[in-house]
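Input: a single structure, listed below in structure tokens.
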Amino acid sequence: MTRLPRDPGPAGWNRLLPDPDPPTPLDGKITADWVVIGAGFAGLAAAHRLSKEARGDRIVVLDAVRVGDGPAGRNSGFMIDLPHDLTSGDYAGALAADLAQTQDNRRGIAHAQDMAQDYGLGDEAFVMSGKINGAASSKGHAHNQSFAKHLSAMGEPFEVFDAARMRDITGTDYYQSGLFTPGSAMIQPAMYVRGVAAGLRSNRVSIYENSPVTALERRGDWVVTTPNGQVTAPRVILAVNGHLNSFGYVPGRLMHVFTYASMTRALSPREVASLGGDRVWGLTPADPMGTTVRRVSGVGGDRIIIRNRFTFDPSLEVSDTQLARVGRDHDRSFAQRFAALGSVDMQYRWGGRLCLSRNNVQVIGELEKGLYSACCQNGLGTAKGTLAGGLAAELAMGMTSPALARALAAVDPARLPPAPIAQFGATVYLKLQERRAGREL
Ligand SMILES: Cc1cc2nc3c(=O)[nH]c(=O)nc-3n(C[C@H](O)[C@H](O)[C@H](O)COP(=O)(O)OP(=O)(O)OC[C@H]3O[C@@H](n4cnc5c(N)ncnc54)[C@H](O)[C@@H]3O)c2cc1C
């Protein structure tokens, strides 16, 4: 292993939940039928599919950190069904590819819904609510119109909200319009992944947290080493998103990008009343480079969460200085939208890894005999990670499906330019696009 994951700042969503039981790191040498490395969306979905289909098999899941503290517990919780190409101007791409992508994302969401039902998760953890693309400028409105046209061509339903409706929902008059689409789910990410992990644990499924994999070798079977233990198994699923590179696979083809969030302290009843609007809502930005906003009310009280900024970080790490710098952008975006609330401190700020490929493809397949990948979710890991985990498990069990056939037929991630050029090009591109996002940021 060349690098282990480091997650910047506290995972705010997870801090809202009761402290979990103490972790159980892997200790000693054991054998299993399956090892899943990574307990994010992909790893949990893979373990769930295996637990259903490979009845009687013993499944071991390993993660370097606590469930809910990694990127799966750090995101904004939009499980989006529609095309969501972050590198495009308005999320959309070519029609046929977008139809296939939507079908696949829905498969991922349906699997997540099955898990939420299997393990009795409530609406705060997972709900099929749809989502709104909020437009804060005429340019954002134009993006939404162009996206709506594309949705019509796809035969997808949508509803356009005017400024008054947006104010009724959000309590702020920052938004000129909105584009509502009904097929997305919203999750409290840490509550969802912890709920799924708790449901999976059984005498056949063991989840070892704080158990970073430090070596992975094939000696007949696969031998997976952690600081205090070792698992030997014939089949391993790598569900580590961009850390696939750290295991030595797909070098020079994965882009490591961080994005960031800040969560307010709990709002007082007076602040809640002065804000008005619905108690629970979420907006993705009309411009992919803009600001995502969520208003939540539940465990942890009433809060607002802001997400924006992308940085290209091939080292898979960012500094505290970087996190603080982005925090200032969050405060500005918050103040612009919620001036009426006055000064409300951010209680938690954090960042998290995304893995993108230049051509927006995932890495799902068999890397070596008995070693499978469910990685590179292109910024939409809630849906695409769940899809990838399910498909990698199906492939490993010898099952077939149209979605799996499509994933296996996908081209490889496009090669990146040499490192200094990639770093320079991506940084300039992101800065330029963010500047262009204007009021949407
Ligand atoms: C602020 C923010 C907002 C976001 N918003 C959204 C959103 O609204 N919707 C959406 O779909 N996506 C969003 N994302 C992206 C989403 O969180 C990721 O795409 C998703 O978590 C990827 O899922 P995954 O299971 O593939 O990987 P991860 O969630 O990264 O899980 C992989 C796990 O592997 C573990 N791991 C890595 N290396 C090792 C090792 N050597 N040994 C053991 N374990 C290891 C890690 O600790 C990690 O827990 C957001 C991300 C951030 C940071």
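Order determines the names: the first chain of the structure tokens is A, the second B, and so forth; residues in each chain are numbered 1 upward, and ligands are numbered 1 upward as they are shown.
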
Please identify which residues in stretch 210-298 of chain A DSSP calls alpha helix (DSSP H) from the backbone, and express them as a PDB file with N, CA and C atoms, in the first residue's frame.
ATOM      1  N   PRO A 269     -35.065  28.251  18.250  1.00  0.00           N
ATOM      2  CA  PRO A 269     -36.458  28.330  17.779  1.00  0.00           C
ATOM      3  C   PRO A 269     -36.745  29.696  17.150  1.00  0.00           C
ATOM      4  N   ARG A 270     -36.146  30.757  17.715  1.00  0.00           N
ATOM      5  CA  ARG A 270     -36.401  32.081  17.149  1.00  0.00           C
ATOM      6  C   ARG A 270     -35.797  32.192  15.729  1.00  0.00           C
ATOM      7  N   GLU A 271     -34.605  31.645  15.541  1.00  0.00           N
ATOM      8  CA  GLU A 271     -33.982  31.675  14.200  1.00  0.00           C
ATOM      9  C   GLU A 271     -34.803  30.842  13.210  1.00  0.00           C
ATOM     10  N   VAL A 272     -35.289  29.699  13.679  1.00  0.00           N
ATOM     11  CA  VAL A 272     -36.106  28.848  12.799  1.00  0.00           C
ATOM     12  C   VAL A 272     -37.349  29.621  12.355  1.00  0.00           C
ATOM     13  N   ALA A 273     -37.966  30.324  13.310  1.00  0.00           N
ATOM     14  CA  ALA A 273     -39.182  31.080  12.981  1.00  0.00           C
ATOM     15  C   ALA A 273     -38.859  32.235  12.050  1.00  0.00           C
ATOM     16  N   SER A 274     -37.741  32.921  12.284  1.00  0.00           N
ATOM     17  CA  SER A 274     -37.437  34.082  11.439  1.00  0.00           C
ATOM     18  C   SER A 274     -37.050  33.634  10.025  1.00  0.00           C
ATOM     19  N   LEU A 275     -36.446  32.451   9.901  1.00  0.00           N
ATOM     20  CA  LEU A 275     -36.105  31.964   8.559  1.00  0.00           C
ATOM     21  C   LEU A 275     -37.368  31.573   7.790  1.00  0.00           C
TER      22      LEU A 275
END

Residues at most 12 Å from A:Ala422, counting only C-alpha atoms, excluding those fewer than 4 positions away in the same chain, as a PDB file with C-alpha atoms, in the first residue's frame?
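out.pdb written:
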ATOM      1  CA  GLY A 252      -2.500   7.713 -14.191  1.00  0.00           C
ATOM      2  CA  ARG A 253      -6.210   7.544 -14.971  1.00  0.00           C
ATOM      3  CA  LEU A 254      -8.081   8.652 -11.839  1.00  0.00           C
ATOM      4  CA  MET A 255      -8.562  12.283 -10.804  1.00  0.00           C
ATOM      5  CA  HIS A 256      -8.566  12.898  -7.061  1.00  0.00           C
ATOM      6  CA  PHE A 312      -7.619  18.821  -7.417  1.00  0.00           C
ATOM      7  CA  ASP A 313      -5.373  16.921  -4.988  1.00  0.00           C
ATOM      8  CA  PRO A 314      -3.518  13.984  -6.555  1.00  0.00           C
ATOM      9  CA  ARG A 358     -12.000  12.371 -17.526  1.00  0.00           C
ATOM     10  CA  ARG A 415      -5.372   8.542 -19.379  1.00  0.00           C
ATOM     11  CA  LEU A 416      -4.455  11.785 -17.602  1.00  0.00           C
ATOM     12  CA  PRO A 417      -1.754  14.096 -18.931  1.00  0.00           C
ATOM     13  CA  PRO A 418       1.630  13.994 -17.118  1.00  0.00           C
ATOM     14  CA  ALA A 426      -7.259  20.941 -13.509  1.00  0.00           C
ATOM     15  CA  THR A 427      -6.559  23.740 -11.013  1.00  0.00           C
ATOM     16  CA  VAL A 428      -6.943  26.469 -13.637  1.00  0.00           C
ATOM     17  CA  TYR A 429     -10.071  24.808 -15.053  1.00  0.00           C
ATOM     18  CA  LEU A 430     -11.736  24.529 -11.630  1.00  0.00           C
TER      19      LEU A 430
END

| said: Which residues are near ligand 1 in this structure, taking near to mean any atom at most 7 Å from a ligand atom and counting only C-alpha atoms and all ligand atoms? Format them as an MDAnalysis selection string. | reply: chainID A and resid 1 4:5 37:43 62:65 67 70:80 211:214 239:241 243 258:261 307 351:355 374:383 385

| said: as a count of residues only, please: every residue in stretch 61-214 of chain A that DSSP puts in strand (DSSP E). | reply: 27

Per residue of stretch 258-310 of chain A within 9 Å of stretch 134-155 of chain A, record the nearest atom pair and its distance in Å to one decimal, counting only C-alpha atoms, with rows in chain order and ascending residue number, as a Markdown table.
| residue | atom | partner | partner_atom | distance |
| --- | --- | --- | --- | --- |
| A:Leu283 | CA | A:Gly134 | CA | 5.6 |
| A:Thr284 | CA | A:Gly134 | CA | 6.2 |
| A:Pro285 | CA | A:Gly134 | CA | 5.3 |
| A:Ala286 | CA | A:Gly140 | CA | 5.1 |
| A:Asp287 | CA | A:Gly140 | CA | 6.0 |
| A:Thr292 | CA | A:Gly134 | CA | 8.8 |

File of the preceding selection, N, CA and C atoms, as a PDB file, in the first residue's frame:
ATOM      1  N   LEU A 283     -31.099  21.699  -1.988  1.00  0.00           N
ATOM      2  CA  LEU A 283     -30.949  22.239  -3.347  1.00  0.00           C
ATOM      3  C   LEU A 283     -29.580  21.878  -3.884  1.00  0.00           C
ATOM      4  N   THR A 284     -29.549  21.311  -5.075  1.00  0.00           N
ATOM      5  CA  THR A 284     -28.277  21.248  -5.792  1.00  0.00           C
ATOM      6  C   THR A 284     -28.212  22.511  -6.650  1.00  0.00           C
ATOM      7  N   PRO A 285     -27.008  22.975  -6.980  1.00  0.00           N
ATOM      8  CA  PRO A 285     -26.910  24.219  -7.747  1.00  0.00           C
ATOM      9  C   PRO A 285     -27.175  24.008  -9.232  1.00  0.00           C
ATOM     10  N   ALA A 286     -27.786  25.007  -9.877  1.00  0.00           N
ATOM     11  CA  ALA A 286     -28.056  24.901 -11.307  1.00  0.00           C
ATOM     12  C   ALA A 286     -26.749  24.790 -12.092  1.00  0.00           C
ATOM     13  N   ASP A 287     -25.707  25.424 -11.578  1.00  0.00           N
ATOM     14  CA  ASP A 287     -24.378  25.308 -12.192  1.00  0.00           C
ATOM     15  C   ASP A 287     -23.584  24.282 -11.384  1.00  0.00           C
ATOM     16  N   THR A 292     -24.262  23.705  -3.020  1.00  0.00           N
ATOM     17  CA  THR A 292     -25.349  22.828  -2.589  1.00  0.00           C
ATOM     18  C   THR A 292     -25.773  23.274  -1.191  1.00  0.00           C
TER      19      THR A 292
END

| task | Extract, using only C-alpha atoms, all DNA, RNA and protein residues at most 10 Å from A:Pro23, discarding same-chain residues fewer than 3 positions from it, and format them as a VMD selection string. | result | chain A and resid 20 26 65 to 67 207 to 211

Could you make a table, as CSV, of the residues of stretch 286-307 of chain A that have an atom within 10 Å of an atom of stretch 187-201 of chain A, each with its nearest atom pair and distance in Å to one decimal, counting only C-alpha atoms, in chain and number order?
residue,atom,partner,partner_atom,distance
A:Val296,CA,A:Gln188,CA,9.0
A:Gly298,CA,A:Gln188,CA,9.8
A:Val299,CA,A:Met191,CA,9.6

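Distance check against A:His111 using only C-alpha atoms: of A:Gln230, A:Arg58, A:Arg49, A:Val280, the minimum falls on A:Arg49.
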
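Shortest atom-to-atom contact with A:Asp104 among A:Leu323, A:Ala407, A:Asp302, A:Phe161: A:Ala407, counting only C-alpha atoms.
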
| field | Polymer residues at most 9 Å from A:Asp98, only C-alpha atoms, same-chain spacing of 4 or more positions, as an NGL selection string | value | :A and (82-84 or 92-94 or 102-103 or 154)

Can I get the selected residues back with N, CA, C and O atoms, as a CSV table (one decimal), in the first residue's frame?
chain,number,residue,atom,x,y,z
A,82,LEU,N,-30.7,11.2,-12.1
A,82,LEU,CA,-30.5,11.8,-13.5
A,82,LEU,C,-29.0,12.0,-13.8
A,82,LEU,O,-28.2,11.9,-12.9
A,83,PRO,N,-28.7,12.3,-15.1
A,83,PRO,CA,-27.3,12.5,-15.4
A,83,PRO,C,-26.7,13.5,-14.5
A,83,PRO,O,-27.3,14.5,-14.1
A,84,HIS,N,-25.5,13.3,-14.1
A,84,HIS,CA,-24.9,14.2,-13.1
A,84,HIS,C,-23.4,14.3,-13.5
A,84,HIS,O,-22.5,14.0,-12.6
A,92,ALA,N,-25.6,17.5,-18.1
A,92,ALA,CA,-26.1,16.5,-19.2
A,92,ALA,C,-25.0,16.2,-20.1
A,92,ALA,O,-24.0,16.9,-20.3
A,93,GLY,N,-25.2,15.1,-20.8
A,93,GLY,CA,-24.2,14.6,-21.9
A,93,GLY,C,-25.0,14.2,-23.1
A,93,GLY,O,-26.1,14.8,-23.4
A,94,ALA,N,-24.6,13.2,-23.8
A,94,ALA,CA,-25.3,12.7,-25.0
A,94,ALA,C,-26.5,11.9,-24.5
A,94,ALA,O,-26.5,11.2,-23.5
A,102,THR,N,-29.0,7.0,-16.3
A,102,THR,CA,-30.2,7.2,-15.4
A,102,THR,C,-30.7,5.8,-15.0
A,102,THR,O,-31.0,5.6,-13.8
A,103,GLN,N,-30.8,4.9,-15.9
A,103,GLN,CA,-31.2,3.5,-15.6
A,103,GLN,C,-30.3,2.9,-14.5
A,103,GLN,O,-30.8,2.3,-13.6
A,154,MET,N,-35.4,13.1,-22.9
A,154,MET,CA,-35.2,11.8,-22.3
A,154,MET,C,-36.6,11.2,-21.9
A,154,MET,O,-36.7,10.1,-21.4

| A:Arg15 surroundings by only C-alpha atoms, 9 Å radius, close-in-sequence under 3 positions cut, as a PyMOL selection string | chain A and resi 10-12+18-19+69+190+300+348
